[in-house]
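Below you'll find the structure, written out as structure tokens, and then a few comments.
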Amino acid sequence: MKEQFIKELSTRYTFKGEKIVLGKAMLDREVMTDVEIGVPLKMINRHGLIAGATGTGKTKSLQTLAEQLSLNGVPTLLMDIKGDLSGLAKPGDHSNAKILERYKSLELTYNAQGFPVELLTISKEKGVRLRATVKEFGPILLSKILGLNDTQTSIISIIFKYCEDKNLPLINLSDLRKVLQYVTDHEEGKKDLVTHYGSIASSSLGAILRSIVTLEQQGASCFFGEPSFDPNDLLKFKDNLGVINIIRLTDIQNNPLFFSTFMLSLLTEIYQKFPEIGDQDKPKLAIFIDEAHLIFNEASKVLINQIETMVKLIRSKGVGLYFCTQVPGDVPEGILSQLGLKIQHALRGFTAKDKKEIDKAVENYPSSSYYKANELIQQLGIGEAFITSLDEKGIPTPLADTFMISPSSRMNILTETEIEEIVNDSYLVKKYEQNLETKGAFEILSESSNNNSTPKEQSDVSTKKTTSDQKKSTKDTSLFSTILNSAFVRDMGRTIVREGSKALFNALGVNKRRSSRKR
């Protein structure tokens, strides 16, 4: 049985092209050093799942995957909820006895190594500022993050159209709030909205305004603004290694709806800006979403459907998505069915619900004559996992109980000093740290209120004032010249002079005609 196991799995896990090594297979608790378990590099864009109970090693598997991709020249994006992935920037402990013992069992050599890391943030954390304008976010995603109903979502769409027609740029939340206040409280704004777009209940506008204020209080104002982040800046390399981009999200754990909507907006932006490349020898980018249950627990059905659609489409852009969570049931079935690589760490069957999750997890794996999967899944040790992937033809590989390799980088967080060093050395931090002073709807409407003009009039004045003054001056001069040169004005002038002279002579007692005769 042992020889058959080695032969079968060695054959199925041998690939023609480059591959990522994850560990070596186990049988009856023994490491089979001849059976290397990995995944073809070209299949990374088929997405994946990393699951397991707390403390079983799933975050370290995520770290290992990111390292292996970097070594193969593939940039990655990691969404770090717990704040324990920053250690990728520094080498691991080459004297750690447990790590050395693990590599001895694998018959491999441990090489401690740090990787090029870029720290990003959508809040006030240190790092590259990720921002987008309200307009770029769009009415649908913005409505989701605001928790609006269908009627209120349609109103937001109307407001976006109104701003487009009136040349009112929606850059940040203040701009949107100002527009809503303008069409609610300003007579000219209310009249304009009703005339061209239909009547909107003030109560609905008020509800939307309250949702915006709540979102601002949750710190979302940091995300909306300019300059907008260019997703192409994720595709960087350093010393022939793919850069590992880590979004620090530790301070938004209590706002999962904002996190899920942000993630979808980022995926949408990537999909729109990345060209179609089809199947390549290696992916263009891999995205890892830690604590993925935060996305789906409070997401609406519409939002989940949008994420599922994006998972299906983004593969053609050369992008792989990887969800890291505790149990596979945290991820909707429609998304699970799209995943190629599955790394399943131990699950604990303490309750009836836990046992159902175990049965569900085992059902998603290929059947195996070598393992009793529903029993073994509860006995997997730390750093051990069930693995199945897709081979180069897209066929699922056999289930393999795998003794995982350890990360080469530090399995701990960076110090504040080390974080400062990375941030200070980043040219992307400097590129995105300054707010652009772009005139948005807030400034335009504030000016129009001061000048008692409509937004359209104010916009026209601000952009065409000089030209209008020049035209007015030319027109006035031309009209004045025409009047002076007209025959009517010349005759009227002579008449006024003649009659004025008579009046003056009469007043002085002088008879002009008589005086002439006397002479």
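Starting from 1 in every chain, residues are counted up; chains themselves are A, B, ... following the order of the structure tokens, and ligands are numbered from 1 as listed.
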
Could you make a table, as a tab-separated table, of the residues of stretch 303-412 of chain A that have an atom within 12 Å of an atom of stretch 72-78 of chain A, each with its nearest atom pair and distance in Å to one decimal, counting only C-alpha atoms, in chain and number order?
```
residue	atom	partner	partner_atom	distance
A:Gly318	CA	A:Val74	CA	10.6
A:Val319	CA	A:Thr76	CA	9.5
A:Gly320	CA	A:Thr76	CA	9.4
A:Leu321	CA	A:Leu77	CA	9.6
A:Tyr322	CA	A:Leu78	CA	9.4
A:Phe323	CA	A:Leu78	CA	10.4
A:Cys324	CA	A:Leu78	CA	10.5
```

**Study point:** Which of stretch 24-86 of chain A fall in strand (DSSP E or B), as a count of residues only
**Key:** 24

Review point. Looking at A:Leu285, A:Val302, A:Ser123, A:Ile159, which one is nearest to A:Leu234, with distances taken over only C-alpha atoms?
Key: A:Leu285

Taking only stretch 40-177 of chain A into account, list the residues labelled helix (DSSP H, G or I) by DSSP (computed from the backbone), as an mmCIF file with C-alpha atoms, in the first residue's frame.
```cif
data_model
loop_
_atom_site.group_PDB
_atom_site.id
_atom_site.type_symbol
_atom_site.label_atom_id
_atom_site.label_comp_id
_atom_site.auth_asym_id
_atom_site.auth_seq_id
_atom_site.Cartn_x
_atom_site.Cartn_y
_atom_site.Cartn_z
ATOM 1 C CA LEU A 41 2.063 27.964 -10.915
ATOM 2 C CA LYS A 42 -0.143 28.416 -13.972
ATOM 3 C CA MET A 43 -3.218 27.265 -11.978
ATOM 4 C CA ILE A 44 -2.890 29.847 -9.194
ATOM 5 C CA ASN A 45 -5.462 32.048 -10.924
ATOM 6 C CA ARG A 46 -8.058 29.278 -10.352
ATOM 7 C CA LYS A 58 -3.802 28.374 8.353
ATOM 8 C CA THR A 59 -2.285 31.881 8.577
ATOM 9 C CA LYS A 60 1.191 30.350 8.255
ATOM 10 C CA SER A 61 0.025 28.467 5.167
ATOM 11 C CA LEU A 62 -1.148 31.795 3.729
ATOM 12 C CA GLN A 63 2.266 33.259 4.559
ATOM 13 C CA THR A 64 4.040 30.333 2.897
ATOM 14 C CA LEU A 65 1.964 30.684 -0.270
ATOM 15 C CA ALA A 66 2.725 34.407 -0.478
ATOM 16 C CA GLU A 67 6.455 33.669 -0.065
ATOM 17 C CA GLN A 68 6.460 30.978 -2.736
ATOM 18 C CA LEU A 69 4.678 33.257 -5.178
ATOM 19 C CA SER A 70 7.124 36.084 -4.480
ATOM 20 C CA LEU A 71 10.037 33.732 -5.176
ATOM 21 C CA SER A 86 3.840 42.056 8.542
ATOM 22 C CA GLY A 87 6.651 39.677 9.572
ATOM 23 C CA LEU A 88 6.973 38.694 5.895
ATOM 24 C CA ALA A 89 9.377 41.623 5.555
ATOM 25 C CA ALA A 97 14.531 24.184 17.031
ATOM 26 C CA LYS A 98 10.947 23.349 16.011
ATOM 27 C CA ILE A 99 11.450 24.702 12.501
ATOM 28 C CA LEU A 100 14.745 22.868 12.069
ATOM 29 C CA GLU A 101 13.147 19.636 13.275
ATOM 30 C CA ARG A 102 10.295 20.056 10.793
ATOM 31 C CA TYR A 103 12.675 20.558 7.875
ATOM 32 C CA LYS A 104 14.712 17.566 8.966
ATOM 33 C CA SER A 105 11.554 15.451 8.748
ATOM 34 C CA LEU A 106 10.918 16.881 5.282
ATOM 35 C CA VAL A 134 -17.253 58.698 -4.312
ATOM 36 C CA LYS A 135 -17.893 58.839 -8.065
ATOM 37 C CA GLU A 136 -15.492 55.941 -8.706
ATOM 38 C CA PHE A 137 -17.162 53.899 -5.984
ATOM 39 C CA PRO A 139 -24.067 54.505 -6.573
ATOM 40 C CA ILE A 140 -24.642 50.759 -6.160
ATOM 41 C CA LEU A 141 -21.589 49.950 -4.026
ATOM 42 C CA LEU A 142 -22.010 53.174 -2.067
ATOM 43 C CA SER A 143 -25.610 52.242 -1.306
ATOM 44 C CA LYS A 144 -24.455 48.842 -0.037
ATOM 45 C CA ILE A 145 -21.914 50.335 2.299
ATOM 46 C CA LEU A 146 -24.541 52.805 3.558
ATOM 47 C CA ASP A 150 -33.935 49.681 -2.869
ATOM 48 C CA THR A 151 -35.828 52.992 -2.882
ATOM 49 C CA GLN A 152 -32.940 54.863 -1.295
ATOM 50 C CA THR A 153 -30.500 53.190 -3.696
ATOM 51 C CA SER A 154 -32.509 54.528 -6.649
ATOM 52 C CA ILE A 155 -32.375 58.003 -5.087
ATOM 53 C CA ILE A 156 -28.576 57.781 -4.815
ATOM 54 C CA SER A 157 -28.477 56.875 -8.524
ATOM 55 C CA ILE A 158 -30.541 59.989 -9.304
ATOM 56 C CA ILE A 159 -28.208 62.147 -7.189
ATOM 57 C CA PHE A 160 -25.204 60.780 -9.093
ATOM 58 C CA LYS A 161 -26.933 61.647 -12.390
ATOM 59 C CA TYR A 162 -27.828 65.110 -11.092
ATOM 60 C CA CYS A 163 -24.190 65.761 -10.160
ATOM 61 C CA GLU A 164 -22.990 64.545 -13.537
ATOM 62 C CA ASP A 165 -25.379 66.890 -15.363
ATOM 63 C CA LEU A 173 -18.400 62.188 1.492
ATOM 64 C CA SER A 174 -18.605 65.922 2.212
ATOM 65 C CA ASP A 175 -19.417 66.524 -1.455
ATOM 66 C CA LEU A 176 -22.244 63.985 -1.410
ATOM 67 C CA ARG A 177 -23.608 65.319 1.864
#
```

With only C-alpha atoms as the counted atoms, please give the residues lying no more than 12 Å from A:Lys355, apart from itself and same-chain residues fewer than 3 positions off, as an mmCIF file with N, CA and C atoms, in the first residue's frame.
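Dumped to result-v1.cif:
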```
data_model
loop_
_atom_site.group_PDB
_atom_site.id
_atom_site.type_symbol
_atom_site.label_atom_id
_atom_site.label_comp_id
_atom_site.auth_asym_id
_atom_site.auth_seq_id
_atom_site.Cartn_x
_atom_site.Cartn_y
_atom_site.Cartn_z
ATOM 1 N N VAL A 327 -13.963 27.759 8.810
ATOM 2 C CA VAL A 327 -14.655 26.590 8.248
ATOM 3 C C VAL A 327 -15.089 26.904 6.820
ATOM 4 N N GLY A 329 -17.745 26.439 5.405
ATOM 5 C CA GLY A 329 -19.112 26.951 5.361
ATOM 6 C C GLY A 329 -19.215 28.451 5.465
ATOM 7 N N LEU A 347 -10.165 20.544 11.878
ATOM 8 C CA LEU A 347 -11.429 21.050 12.402
ATOM 9 C C LEU A 347 -11.736 20.290 13.690
ATOM 10 N N ARG A 348 -12.353 20.976 14.633
ATOM 11 C CA ARG A 348 -12.668 20.355 15.915
ATOM 12 C C ARG A 348 -14.160 20.086 16.013
ATOM 13 N N GLY A 349 -14.530 18.828 16.275
ATOM 14 C CA GLY A 349 -15.942 18.432 16.328
ATOM 15 C C GLY A 349 -16.493 18.393 17.730
ATOM 16 N N PHE A 350 -16.563 19.545 18.394
ATOM 17 C CA PHE A 350 -17.039 19.579 19.777
ATOM 18 C C PHE A 350 -18.564 19.648 19.862
ATOM 19 N N THR A 351 -19.214 20.209 18.864
ATOM 20 C CA THR A 351 -20.672 20.360 18.896
ATOM 21 C C THR A 351 -21.278 19.722 17.661
ATOM 22 N N ALA A 352 -22.615 19.622 17.679
ATOM 23 C CA ALA A 352 -23.327 19.058 16.533
ATOM 24 C C ALA A 352 -23.113 19.926 15.296
ATOM 25 N N ILE A 358 -17.753 19.563 9.550
ATOM 26 C CA ILE A 358 -16.751 18.565 9.174
ATOM 27 C C ILE A 358 -17.251 17.715 8.016
ATOM 28 N N ASP A 359 -18.481 17.253 8.117
ATOM 29 C CA ASP A 359 -19.071 16.452 7.032
ATOM 30 C C ASP A 359 -19.114 17.250 5.731
ATOM 31 N N LYS A 360 -19.459 18.530 5.848
ATOM 32 C CA LYS A 360 -19.533 19.392 4.664
ATOM 33 C C LYS A 360 -18.158 19.582 4.040
ATOM 34 N N ALA A 361 -17.133 19.760 4.887
ATOM 35 C CA ALA A 361 -15.770 19.943 4.384
ATOM 36 C C ALA A 361 -15.275 18.700 3.667
ATOM 37 N N VAL A 362 -15.523 17.528 4.263
ATOM 38 C CA VAL A 362 -15.050 16.266 3.689
ATOM 39 C C VAL A 362 -15.742 15.979 2.358
ATOM 40 N N ASN A 374 -13.096 11.923 7.344
ATOM 41 C CA ASN A 374 -13.921 12.541 8.384
ATOM 42 C C ASN A 374 -13.341 12.330 9.784
ATOM 43 N N GLU A 375 -12.492 11.318 9.950
ATOM 44 C CA GLU A 375 -11.829 11.095 11.234
ATOM 45 C C GLU A 375 -10.481 11.814 11.288
ATOM 46 N N ILE A 377 -9.447 14.414 9.722
ATOM 47 C CA ILE A 377 -9.516 15.874 9.693
ATOM 48 C C ILE A 377 -9.555 16.466 11.100
ATOM 49 N N GLN A 378 -9.999 15.652 12.070
ATOM 50 C CA GLN A 378 -10.045 16.109 13.455
ATOM 51 C C GLN A 378 -8.740 15.829 14.203
#
```

At a cut-off of 12 Å, can you tabulate as JSON lines every residue of stretch 169-253 of chain A near stretch 274-282 of chain A together with its closest atom pair and the distance in Å to one decimal, using only C-alpha atoms and ordering rows by chain then number?
```
{"residue": "A:Asp230", "atom": "CA", "partner": "A:Phe274", "partner_atom": "CA", "distance": 10.6}
{"residue": "A:Pro231", "atom": "CA", "partner": "A:Phe274", "partner_atom": "CA", "distance": 8.4}
{"residue": "A:Asn232", "atom": "CA", "partner": "A:Phe274", "partner_atom": "CA", "distance": 7.8}
{"residue": "A:Asp233", "atom": "CA", "partner": "A:Phe274", "partner_atom": "CA", "distance": 11.5}
{"residue": "A:Leu234", "atom": "CA", "partner": "A:Phe274", "partner_atom": "CA", "distance": 11.2}
{"residue": "A:Leu235", "atom": "CA", "partner": "A:Phe274", "partner_atom": "CA", "distance": 10.5}
{"residue": "A:Gly242", "atom": "CA", "partner": "A:Lys282", "partner_atom": "CA", "distance": 11.9}
```

Export of prior selection with all heavy atoms as a PDB file, in the first residue's frame:
```
ATOM      1  N   ASP A 230      -4.049  53.531  -7.897  1.00  0.00           N
ATOM      2  CA  ASP A 230      -3.959  52.825  -9.171  1.00  0.00           C
ATOM      3  C   ASP A 230      -3.593  51.368  -8.894  1.00  0.00           C
ATOM      4  O   ASP A 230      -2.505  51.091  -8.374  1.00  0.00           O
ATOM      5  CB  ASP A 230      -2.893  53.476 -10.052  1.00  0.00           C
ATOM      6  CG  ASP A 230      -2.789  52.825 -11.428  1.00  0.00           C
ATOM      7  OD1 ASP A 230      -3.507  51.832 -11.690  1.00  0.00           O
ATOM      8  OD2 ASP A 230      -1.979  53.308 -12.247  1.00  0.00           O
ATOM      9  N   PRO A 231      -4.473  50.399  -9.202  1.00  0.00           N
ATOM     10  CA  PRO A 231      -4.172  48.989  -8.910  1.00  0.00           C
ATOM     11  C   PRO A 231      -2.937  48.463  -9.616  1.00  0.00           C
ATOM     12  O   PRO A 231      -2.376  47.450  -9.198  1.00  0.00           O
ATOM     13  CB  PRO A 231      -5.437  48.247  -9.355  1.00  0.00           C
ATOM     14  CG  PRO A 231      -6.155  49.187 -10.262  1.00  0.00           C
ATOM     15  CD  PRO A 231      -5.811  50.560  -9.805  1.00  0.00           C
ATOM     16  N   ASN A 232      -2.490  49.146 -10.658  1.00  0.00           N
ATOM     17  CA  ASN A 232      -1.254  48.718 -11.321  1.00  0.00           C
ATOM     18  C   ASN A 232      -0.040  48.867 -10.410  1.00  0.00           C
ATOM     19  O   ASN A 232       1.004  48.249 -10.652  1.00  0.00           O
ATOM     20  CB  ASN A 232      -1.043  49.516 -12.612  1.00  0.00           C
ATOM     21  CG  ASN A 232      -1.969  49.057 -13.732  1.00  0.00           C
ATOM     22  OD1 ASN A 232      -1.876  47.932 -14.207  1.00  0.00           O
ATOM     23  ND2 ASN A 232      -2.892  49.920 -14.129  1.00  0.00           N
ATOM     24  N   ASP A 233      -0.179  49.686  -9.360  1.00  0.00           N
ATOM     25  CA  ASP A 233       0.919  49.837  -8.397  1.00  0.00           C
ATOM     26  C   ASP A 233       1.063  48.607  -7.504  1.00  0.00           C
ATOM     27  O   ASP A 233       2.001  48.542  -6.694  1.00  0.00           O
ATOM     28  CB  ASP A 233       0.704  51.085  -7.541  1.00  0.00           C
ATOM     29  CG  ASP A 233       1.123  52.357  -8.276  1.00  0.00           C
ATOM     30  OD1 ASP A 233       2.021  52.273  -9.123  1.00  0.00           O
ATOM     31  OD2 ASP A 233       0.545  53.428  -8.007  1.00  0.00           O
ATOM     32  N   LEU A 234       0.146  47.653  -7.626  1.00  0.00           N
ATOM     33  CA  LEU A 234       0.286  46.384  -6.907  1.00  0.00           C
ATOM     34  C   LEU A 234       1.240  45.437  -7.634  1.00  0.00           C
ATOM     35  O   LEU A 234       1.697  44.455  -7.051  1.00  0.00           O
ATOM     36  CB  LEU A 234      -1.076  45.697  -6.755  1.00  0.00           C
ATOM     37  CG  LEU A 234      -2.138  46.441  -5.933  1.00  0.00           C
ATOM     38  CD1 LEU A 234      -3.476  45.717  -6.057  1.00  0.00           C
ATOM     39  CD2 LEU A 234      -1.719  46.555  -4.480  1.00  0.00           C
ATOM     40  N   LEU A 235       1.521  45.726  -8.888  1.00  0.00           N
ATOM     41  CA  LEU A 235       2.302  44.810  -9.729  1.00  0.00           C
ATOM     42  C   LEU A 235       3.769  45.218  -9.752  1.00  0.00           C
ATOM     43  O   LEU A 235       4.336  45.520 -10.806  1.00  0.00           O
ATOM     44  CB  LEU A 235       1.726  44.791 -11.157  1.00  0.00           C
ATOM     45  CG  LEU A 235       0.227  44.499 -11.265  1.00  0.00           C
ATOM     46  CD1 LEU A 235      -0.225  44.560 -12.716  1.00  0.00           C
ATOM     47  CD2 LEU A 235      -0.108  43.146 -10.647  1.00  0.00           C
ATOM     48  N   GLY A 242       8.516  39.088  -6.436  1.00  0.00           N
ATOM     49  CA  GLY A 242       7.241  39.792  -6.451  1.00  0.00           C
ATOM     50  C   GLY A 242       7.016  40.498  -5.122  1.00  0.00           C
ATOM     51  O   GLY A 242       7.226  39.919  -4.054  1.00  0.00           O
TER      52      GLY A 242
END
```

Point to revise | stretch 15-24 of chain A surroundings by only C-alpha atoms, 7 Å radius, close-in-sequence under 3 positions cut, as an MDAnalysis selection string | key: chainID A and resid 31:33 35:41 68 106 392 402:405

Next, write the just-selected residues to a file, as a compact mmCIF listing (two decimals), in the first residue's frame, keeping all heavy atoms as the atom set.
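New file selection-v1.txt:
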```txt
# COMPACT_ATOMS: atom_id res chain seq x y z
N VAL A 31 5.89 10.80 7.32
CA VAL A 31 6.16 11.71 6.21
C VAL A 31 6.80 10.93 5.06
O VAL A 31 7.84 10.28 5.25
CB VAL A 31 7.10 12.86 6.65
CG1 VAL A 31 7.41 13.77 5.46
CG2 VAL A 31 6.47 13.67 7.77
N MET A 32 6.17 11.01 3.89
CA MET A 32 6.70 10.36 2.69
C MET A 32 7.58 11.37 1.95
O MET A 32 7.10 12.19 1.16
CB MET A 32 5.56 9.90 1.78
CG MET A 32 4.58 8.92 2.42
SD MET A 32 5.26 7.29 2.69
CE MET A 32 5.46 7.29 4.47
N THR A 33 8.88 11.36 2.23
CA THR A 33 9.77 12.39 1.70
C THR A 33 9.92 12.34 0.18
O THR A 33 10.40 13.30 -0.43
CB THR A 33 11.16 12.25 2.35
OG1 THR A 33 11.66 10.93 2.13
CG2 THR A 33 11.09 12.53 3.84
N VAL A 35 7.36 12.13 -1.84
CA VAL A 35 6.12 12.65 -2.44
C VAL A 35 5.98 14.13 -2.11
O VAL A 35 5.54 14.51 -1.02
CB VAL A 35 4.88 11.87 -1.96
CG1 VAL A 35 3.63 12.36 -2.71
CG2 VAL A 35 5.07 10.38 -2.13
N GLU A 36 6.39 14.97 -3.06
CA GLU A 36 6.32 16.42 -2.86
C GLU A 36 4.94 16.92 -3.29
O GLU A 36 4.47 16.62 -4.40
CB GLU A 36 7.40 17.09 -3.71
CG GLU A 36 7.77 18.48 -3.25
CD GLU A 36 9.01 18.98 -3.95
OE1 GLU A 36 8.99 19.10 -5.19
OE2 GLU A 36 10.02 19.22 -3.26
N ILE A 37 4.28 17.68 -2.42
CA ILE A 37 2.94 18.19 -2.69
C ILE A 37 3.02 19.68 -3.04
O ILE A 37 3.63 20.47 -2.31
CB ILE A 37 2.01 18.00 -1.47
CG1 ILE A 37 1.94 16.51 -1.10
CG2 ILE A 37 0.61 18.54 -1.77
CD1 ILE A 37 1.40 15.61 -2.18
N GLY A 38 2.43 20.02 -4.15
CA GLY A 38 2.44 21.42 -4.59
C GLY A 38 1.31 21.70 -5.54
O GLY A 38 0.39 20.89 -5.72
N VAL A 39 1.37 22.86 -6.18
CA VAL A 39 0.34 23.29 -7.12
C VAL A 39 1.03 23.94 -8.32
O VAL A 39 1.99 24.69 -8.15
CB VAL A 39 -0.65 24.26 -6.44
CG1 VAL A 39 0.05 25.45 -5.84
CG2 VAL A 39 -1.73 24.71 -7.41
N PRO A 40 0.58 23.66 -9.53
CA PRO A 40 1.18 24.30 -10.71
C PRO A 40 1.04 25.81 -10.65
O PRO A 40 -0.04 26.33 -10.32
CB PRO A 40 0.39 23.71 -11.88
CG PRO A 40 -0.24 22.47 -11.36
CD PRO A 40 -0.50 22.73 -9.91
N LEU A 41 2.09 26.51 -10.97
CA LEU A 41 2.06 27.96 -10.91
C LEU A 41 1.00 28.54 -11.85
O LEU A 41 0.36 29.54 -11.53
CB LEU A 41 3.45 28.51 -11.27
CG LEU A 41 3.70 29.99 -11.01
CD1 LEU A 41 3.50 30.33 -9.53
CD2 LEU A 41 5.11 30.37 -11.46
N GLN A 68 6.16 31.79 -1.56
CA GLN A 68 6.46 30.98 -2.74
C GLN A 68 6.12 31.73 -4.03
O GLN A 68 6.86 31.64 -5.02
CB GLN A 68 5.68 29.66 -2.68
CG GLN A 68 6.10 28.73 -1.55
CD GLN A 68 7.47 28.13 -1.80
OE1 GLN A 68 7.74 27.61 -2.88
NE2 GLN A 68 8.34 28.20 -0.81
N LEU A 106 11.23 16.70 6.70
CA LEU A 106 10.92 16.88 5.28
C LEU A 106 12.12 16.60 4.38
O LEU A 106 11.96 16.54 3.15
CB LEU A 106 10.44 18.32 5.04
CG LEU A 106 9.09 18.72 5.65
CD1 LEU A 106 8.92 20.23 5.64
CD2 LEU A 106 7.94 18.05 4.89
N GLU A 392 -2.20 20.55 -14.31
CA GLU A 392 -2.06 21.48 -15.44
C GLU A 392 -3.16 21.32 -16.48
O GLU A 392 -3.35 22.19 -17.32
CB GLU A 392 -0.69 21.28 -16.09
CG GLU A 392 0.44 21.75 -15.18
CD GLU A 392 1.81 21.28 -15.65
OE1 GLU A 392 1.95 20.08 -15.95
OE2 GLU A 392 2.74 22.11 -15.70
N THR A 402 -0.85 16.45 4.21
CA THR A 402 0.43 17.09 3.90
C THR A 402 1.09 17.68 5.14
O THR A 402 0.45 18.40 5.93
CB THR A 402 0.24 18.20 2.84
OG1 THR A 402 -0.45 17.65 1.71
CG2 THR A 402 1.57 18.78 2.41
N PHE A 403 2.36 17.37 5.30
CA PHE A 403 3.19 17.98 6.34
C PHE A 403 3.78 19.25 5.71
O PHE A 403 4.66 19.19 4.84
CB PHE A 403 4.30 17.01 6.76
CG PHE A 403 4.93 17.32 8.07
CD1 PHE A 403 4.19 17.36 9.24
CD2 PHE A 403 6.30 17.58 8.16
CE1 PHE A 403 4.77 17.63 10.47
CE2 PHE A 403 6.90 17.86 9.38
CZ PHE A 403 6.14 17.89 10.54
N MET A 404 3.27 20.42 6.15
CA MET A 404 3.56 21.67 5.47
C MET A 404 4.96 22.20 5.79
O MET A 404 5.49 21.98 6.89
CB MET A 404 2.53 22.73 5.89
CG MET A 404 1.08 22.32 5.67
SD MET A 404 0.60 22.32 3.94
CE MET A 404 0.54 24.07 3.60
N ILE A 405 5.56 22.88 4.83
CA ILE A 405 6.82 23.58 5.10
C ILE A 405 6.51 24.82 5.94
O ILE A 405 5.37 25.32 5.95
CB ILE A 405 7.55 23.97 3.81
CG1 ILE A 405 6.71 24.94 2.97
CG2 ILE A 405 7.91 22.74 2.99
CD1 ILE A 405 7.43 25.49 1.76
```

Point to revise | Residue neighbourhood A:Asp425, 12 Å, only C-alpha atoms, exclusion window fewer than 5 positions, as a PyMOL selection string | key: chain A and resi 116-119+127-128+418-420+430-431

Check your understanding: Quick one: distance from atom CA of A:Leu193 to atom CA of A:Val179 in Å, one decimal?
Key -> 10.9 Å

**Study point:** Closest of A:Ser368, A:Thr109, A:Gln218, A:Thr184 to A:Ser202 - atom-to-atom distances counting only C-alpha atoms
**Key:**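 Once distances to A:Ser202 are computed over only C-alpha atoms, the minimum belongs to A:Thr184.
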
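Distances from A:Gly440, A:Gly383, A:Arg410, A:Glu8 to A:Gln113 were compared using only C-alpha atoms, and the smallest one belongs to A:Arg410.
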
Exercise for review: Could you please determine the separation between atom CA of A:Ser211 and atom CA of A:Thr261 in Å, to one decimal place?
Suggested key: 15.1 Å

Review point. Between atom CA of A:Asp330 and atom CA of A:Gly52, what is the distance, to one decimal in Å?
Key: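 Computing it gives 11.2 Å between the two atoms.
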
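Proximity to A:Arg131 was assessed for A:Gln344, A:Asn435, A:Asn297, A:Ser408 counting only C-alpha atoms; the smallest distance is recorded for A:Asn435.
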